[in-house]
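See below for the structure under consideration.
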Amino acid sequence: MSSNNKPVLLYGGILLIGIFLPLALPAFQTQISVMWMMVTFALTWDILGGRMGYNSFGNIVFFGVGMYASASMQHELYFDIGQFEVISDQFNLQLTPEKYLFGLGLGMIVGAVICVALAWVLGSGILSLRGHYFAICTLGLGVAVGELAGTIDYIGAGSGMAAPVFPLAMGSAGLFYSYFFFILVVVTFFSLKWLYSTRFGLAINAIRDDEDKAEAMGLHTTRYKTLAWCVSAFFLSFAGAGFGHLNGFIDPLDVAFPGATFGVWMVLMAILGGKGTLWGPVVGALAFHITQEFFWSTLLGWQRVALGLMIVIVVVFFPLGIMGWAREKWPERFGHILEEESS
């Protein structure tokens with residue numbers, strides 16, 4: 001088989017999976033939606049952590065802000081604050097399909113703008129830090145924003161807020177959001193594939209390899225680092241908006257800003273698949289989510305222990321991740337992927 005046909009077959013196979021998997025497994029549509037969301041998590045974290053060498057634990061901020069912004073926009077359009085805060089009054093949050101889609105779309109746009117602006121402001125200051133100082137600062141940022149959200153009455157404070165109910169006329173919410181998150185993955189993947197082939201990709205790789213030398217050569221490193229965080233924030237805002245509506249209820253710590261779960265899993269999935277590669281985060285996220293769901297259904301009570309042991313084994317025996325290990329073991333099979341990413 002010609003190497004030129006391999007990417008076409010690969011993309012075609014993934015497209016068929018994205019279309020038919022939720023139809024074939026209707027009972028698992030929510031899990032499928034979350035699976036594609038996990039891929040978005042890993043891809044967006046890898047922009048900083050893999051390509052640029054800045055390990056961020058604060059990306060969960062943009063996920064939560066996008067979630068709250070989207071839901072709040074629908075609140076402003078159609079409901080009063082009392083209806084929107086109380087989940088027991090959820091019946092009154094029913095919308096027509098047209099209103100639901102318009103509010104969802106407008107909320108996502110507003111959320112994306114807010115998240116990009118927030119990333120630019122925060123990045124202009126935080127991204128002057130390096131190494132573990134940056135990692136610790138972003139970890140504190142994620143915790144602080146979650147706690148802050150729990151004090152704001154407008155968004156329900158610690159009690160959380162209800163999202164509008166998915167209209168019955170639109171069918172299954174799980175099917176709708178399975179396709180939404182799959183489309184988000186496709187757009188994110190190909191957008192990053194293009195970005196990595198431009199001057200932007202060369203610049204962030206230069207920062208990872210030797211930031212001082214890159215600055216000495218005239219590269220405006222702070223600008224590129226901030227831009228990278230803005231790109232990550234943009235896509236994460238859409239993921240947050242979609243998940244908030246899929247879940248139906250937004251809690252500040254457990255749903256919007258779950259730093260101990262989603263915030264850490266972003267890092268683990270990229271490392272598991274092989275950070276600094278295009279396909280590594282995709283493979284890592286799929287492997288992580290499928291394994292996690294298997295453990296949750298078969299090892300109830302021990303699922304986190306099993307998941308932790310799996311991560312330790314992968315890090316110890318496969319330090320380059322799944323893709324890095326596969327390239328070393330079968331270079332003739334995975335070489336075209338390496339060439340595709342570097343072109």
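Simple scheme: letters A, B, ... for chains in structure tokens order, numbers from 1 for residues in each chain, numbers from 1 for ligands in the order shown.
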
If we count only C-alpha atoms and set the cut-off at 10 Å, which residues sit around stretch 308-316 of chain A, ignoring sequence neighbours fewer than 3 positions away in its own chain? Please answer as a PyMOL selection string. chain A and resi 268-269+271-273+288+291-292+303-305+319-322

Residue selection dump (N, CA and C atoms) as a compact mmCIF listing (two decimals), in the first residue's frame:
```
# COMPACT_ATOMS: atom_id res chain seq x y z
N LEU A 268 -1.81 13.59 31.99
CA LEU A 268 -1.55 12.15 31.92
C LEU A 268 -1.82 11.59 30.53
N MET A 269 -2.89 12.04 29.90
CA MET A 269 -3.26 11.50 28.59
C MET A 269 -2.23 11.85 27.53
N ILE A 271 0.98 12.55 28.07
CA ILE A 271 2.20 11.79 28.37
C ILE A 271 2.03 10.33 28.01
N LEU A 272 0.85 9.78 28.28
CA LEU A 272 0.58 8.38 27.98
C LEU A 272 0.71 8.10 26.48
N GLY A 273 0.19 9.00 25.66
CA GLY A 273 0.26 8.78 24.22
C GLY A 273 1.59 9.19 23.61
N PHE A 288 -6.62 6.01 27.57
CA PHE A 288 -6.92 6.36 28.97
C PHE A 288 -8.40 6.23 29.26
N THR A 291 -9.72 2.54 29.02
CA THR A 291 -9.24 1.77 30.16
C THR A 291 -9.93 2.20 31.45
N GLN A 292 -10.12 3.50 31.60
CA GLN A 292 -10.79 4.01 32.80
C GLN A 292 -12.22 3.50 32.89
N GLN A 303 -10.98 0.95 41.23
CA GLN A 303 -10.72 1.47 39.90
C GLN A 303 -9.59 2.50 39.87
N ARG A 304 -9.51 3.36 40.87
CA ARG A 304 -8.46 4.38 40.89
C ARG A 304 -7.10 3.75 41.18
N VAL A 305 -7.09 2.70 41.98
CA VAL A 305 -5.83 1.99 42.24
C VAL A 305 -5.31 1.37 40.96
N PRO A 319 8.54 5.49 28.65
CA PRO A 319 8.71 6.91 28.99
C PRO A 319 8.41 7.86 27.84
N LEU A 320 8.51 7.37 26.61
CA LEU A 320 8.21 8.21 25.45
C LEU A 320 6.75 8.15 25.05
N GLY A 321 5.94 7.41 25.82
CA GLY A 321 4.54 7.26 25.50
C GLY A 321 4.30 6.16 24.48
N ILE A 322 3.04 5.92 24.21
CA ILE A 322 2.68 4.84 23.29
C ILE A 322 3.24 5.09 21.90
```

field: A:Pro167 environment, 8 Å, only C-alpha atoms, sequence neighbours closer than 6 positions dropped, as a PyMOL selection string
entry: chain A and resi 94-97+100

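Taking only C-alpha atoms into account, A:Ala233 lies nearest to A:Ile60 out of the set A:Ala216, A:Leu192, A:Ile60, A:Leu148.
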
Going by DSSP on the backbone, which residues of stretch 68-270 of chain A come out as strand (DSSP E or B)? List them as an MDAnalysis selection string. chainID A and resid 94 161:162 165 249:250

Same residues, C-alpha atoms, saved as a PDB file, in the first residue's frame:
```pdb
ATOM      1  CA  GLN A  94     -37.207  23.796  28.519  1.00  0.00           C
ATOM      2  CA  MET A 161     -26.565  26.235  38.339  1.00  0.00           C
ATOM      3  CA  ALA A 162     -28.813  24.224  36.046  1.00  0.00           C
ATOM      4  CA  VAL A 165     -32.821  20.961  29.326  1.00  0.00           C
ATOM      5  CA  PHE A 249     -25.907  20.861  36.001  1.00  0.00           C
ATOM      6  CA  ILE A 250     -22.803  22.928  36.683  1.00  0.00           C
TER       7      ILE A 250
END
```

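With distances restricted to only C-alpha atoms, A:Ala256 is the closest residue to A:Gly150 from A:Ala256, A:Val267, A:Leu184, A:Ala287.
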
task: Tell me, as JSON, numbers by chain, which residues lie within 12 Å of A:Val34, counting only C-alpha atoms; anything in the same chain fewer than 3 positions away does not count.
output: {"A": [22, 28, 29, 30, 31, 37, 38, 39, 40, 41, 174, 175, 177, 178, 179, 180, 181, 182, 184, 185, 239, 240, 242, 243, 244, 246, 247, 262, 285, 286, 288, 289, 290, 292, 293]}

Output of the above residues as a CSV table (one decimal), in the first residue's frame, restricted to N, CA and C atoms:
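Everything below was put into part-v6.csv:
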```
chain,number,residue,atom,x,y,z
A,22,PRO,N,-21.7,6.1,18.0
A,22,PRO,CA,-22.8,6.4,18.9
A,22,PRO,C,-24.2,5.8,18.4
A,28,PHE,N,-24.2,4.0,25.3
A,28,PHE,CA,-22.9,4.6,25.7
A,28,PHE,C,-22.6,6.0,25.1
A,29,GLN,N,-23.7,6.6,24.6
A,29,GLN,CA,-23.5,7.9,23.9
A,29,GLN,C,-22.8,9.0,24.8
A,30,THR,N,-23.2,9.0,26.1
A,30,THR,CA,-22.6,10.0,27.0
A,30,THR,C,-21.1,9.7,27.2
A,31,GLN,N,-20.7,8.4,27.3
A,31,GLN,CA,-19.3,8.0,27.5
A,31,GLN,C,-18.5,8.3,26.2
A,37,MET,N,-14.2,14.4,24.2
A,37,MET,CA,-13.8,15.6,24.9
A,37,MET,C,-12.4,15.4,25.5
A,38,MET,N,-12.1,14.1,26.0
A,38,MET,CA,-10.8,13.8,26.5
A,38,MET,C,-9.7,14.0,25.4
A,39,VAL,N,-10.0,13.7,24.2
A,39,VAL,CA,-9.1,13.9,23.1
A,39,VAL,C,-8.8,15.4,23.0
A,40,THR,N,-9.8,16.2,23.0
A,40,THR,CA,-9.6,17.7,23.0
A,40,THR,C,-8.8,18.1,24.1
A,41,PHE,N,-9.0,17.6,25.3
A,41,PHE,CA,-8.2,17.9,26.5
A,41,PHE,C,-6.7,17.7,26.2
A,174,GLY,N,-27.3,12.7,24.1
A,174,GLY,CA,-26.1,11.9,24.0
A,174,GLY,C,-25.6,11.8,22.6
A,175,LEU,N,-26.5,11.6,21.6
A,175,LEU,CA,-26.2,11.5,20.2
A,175,LEU,C,-25.7,12.9,19.7
A,177,TYR,N,-24.4,15.4,21.4
A,177,TYR,CA,-23.1,15.9,21.9
A,177,TYR,C,-22.0,14.9,21.5
A,178,SER,N,-22.3,13.7,21.1
A,178,SER,CA,-21.3,12.8,20.6
A,178,SER,C,-20.8,13.4,19.3
A,179,TYR,N,-21.7,13.8,18.4
A,179,TYR,CA,-21.3,14.4,17.2
A,179,TYR,C,-20.6,15.8,17.4
A,180,PHE,N,-21.2,16.6,18.4
A,180,PHE,CA,-20.5,17.9,18.7
A,180,PHE,C,-19.1,17.7,19.1
A,181,PHE,N,-18.8,16.8,20.0
A,181,PHE,CA,-17.4,16.6,20.5
A,181,PHE,C,-16.5,16.0,19.4
A,182,PHE,N,-17.1,15.1,18.6
A,182,PHE,CA,-16.3,14.6,17.5
A,182,PHE,C,-15.9,15.7,16.5
A,184,LEU,N,-15.6,18.8,17.2
A,184,LEU,CA,-14.6,19.6,17.9
A,184,LEU,C,-13.2,19.0,17.8
A,185,VAL,N,-13.1,17.7,18.0
A,185,VAL,CA,-11.8,17.0,17.9
A,185,VAL,C,-11.3,17.2,16.5
A,239,ALA,N,-15.2,22.9,24.6
A,239,ALA,CA,-15.4,21.7,25.3
A,239,ALA,C,-16.2,21.9,26.6
A,240,GLY,N,-15.8,23.0,27.3
A,240,GLY,CA,-16.5,23.3,28.6
A,240,GLY,C,-18.0,23.6,28.3
A,242,GLY,N,-19.9,22.6,25.9
A,242,GLY,CA,-20.6,21.3,25.5
A,242,GLY,C,-20.8,20.4,26.7
A,243,PHE,N,-19.8,20.3,27.5
A,243,PHE,CA,-20.0,19.4,28.7
A,243,PHE,C,-20.9,19.9,29.7
A,244,GLY,N,-21.0,21.2,29.9
A,244,GLY,CA,-21.9,21.8,30.9
A,244,GLY,C,-23.4,21.5,30.5
A,246,LEU,N,-24.3,19.0,28.3
A,246,LEU,CA,-24.5,17.6,28.4
A,246,LEU,C,-24.8,17.1,29.8
A,247,ASN,N,-24.0,17.6,30.7
A,247,ASN,CA,-24.2,17.2,32.1
A,247,ASN,C,-25.5,17.7,32.7
A,262,PHE,N,-10.1,16.1,35.8
A,262,PHE,CA,-9.8,16.6,34.4
A,262,PHE,C,-8.5,17.3,34.3
A,285,ALA,N,-5.4,9.7,24.9
A,285,ALA,CA,-6.7,10.0,25.5
A,285,ALA,C,-7.7,8.9,25.2
A,286,LEU,N,-7.6,8.3,24.0
A,286,LEU,CA,-8.5,7.1,23.8
A,286,LEU,C,-8.2,6.0,24.7
A,288,PHE,N,-6.6,6.0,27.6
A,288,PHE,CA,-6.9,6.4,29.0
A,288,PHE,C,-8.4,6.2,29.3
A,289,HIS,N,-9.2,6.8,28.4
A,289,HIS,CA,-10.7,6.8,28.7
A,289,HIS,C,-11.3,5.4,28.6
A,290,ILE,N,-10.9,4.6,27.6
A,290,ILE,CA,-11.4,3.3,27.4
A,290,ILE,C,-11.0,2.4,28.6
A,292,GLN,N,-10.1,3.5,31.6
A,292,GLN,CA,-10.8,4.0,32.8
A,292,GLN,C,-12.2,3.5,32.9
A,293,GLU,N,-13.0,3.5,31.8
A,293,GLU,CA,-14.3,3.0,31.8
A,293,GLU,C,-14.4,1.5,32.1
```

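Using only C-alpha atoms, the shortest contact distance between A:Val145 and any of A:Ala163, A:Lys193, A:Val61, A:Val187 is found at A:Val61.
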
Practice prompt. Apply DSSP to the structure's backbone, then extract all residues of stretch 5-248 of chain A labelled alpha helix (DSSP H) and return them as an MDAnalysis selection string.
Written response: chainID A and resid 5:24 29:46 60:78 81:85 97:126 131:149 173:196 199:216 221:247

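Interatomic distance, atom CA of A:Gly103 to atom CA of A:Phe176: 15.5 Å.
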
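Pairwise distance (atom CA of A:Leu202, atom CA of A:Gly125) equals 22.8 Å.
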
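Each of A:Pro26, A:Gly123, A:Gly274, A:Gly218 was compared to A:Ala326 using only C-alpha atoms, and A:Gly274 turns out to be the nearest.
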
Of A:Ala117, A:Ala27, A:Val282, A:Leu307, the one nearest to A:Thr188 when counting only C-alpha atoms is A:Val282

Extract, using only C-alpha atoms, all DNA, RNA and protein residues at most 7 Å from A:Ala270, discarding same-chain residues fewer than 3 positions from it, and format them as an MDAnalysis selection string.
chainID A and resid 42 46 266:267 273:275 280:281 284

message: Give me the residues near A:Ile47 as a PyMOL selection string, where near means some atom within 9 Å (using only C-alpha atoms) and where sequence neighbours in that chain fewer than 6 positions away do not count.
response: chain A and resi 53-54+192+204+228-229+231-232+276

Item to complete: Please provide as a ChimeraX atom specification all residues within 12 Å of A:Leu118, with the sequence filter that same-chain residues fewer than 2 positions apart are discarded (counting only C-alpha atoms).
Response: /A:59,61-63,65-66,111-116,120-126,145,226-227,229-234,237

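Residue nearest A:Tyr68, chosen from A:Gly140, A:Gly107, A:Gly13, A:Gly131 and counting only C-alpha atoms: A:Gly107.
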
Can you pull out every residue within 10 Å of A:Phe200, counting only C-alpha atoms, but drop anything in the same chain fewer than 5 positions away, and send it as a ChimeraX atom specification? /A:194-195,205-206,224-225,227-228
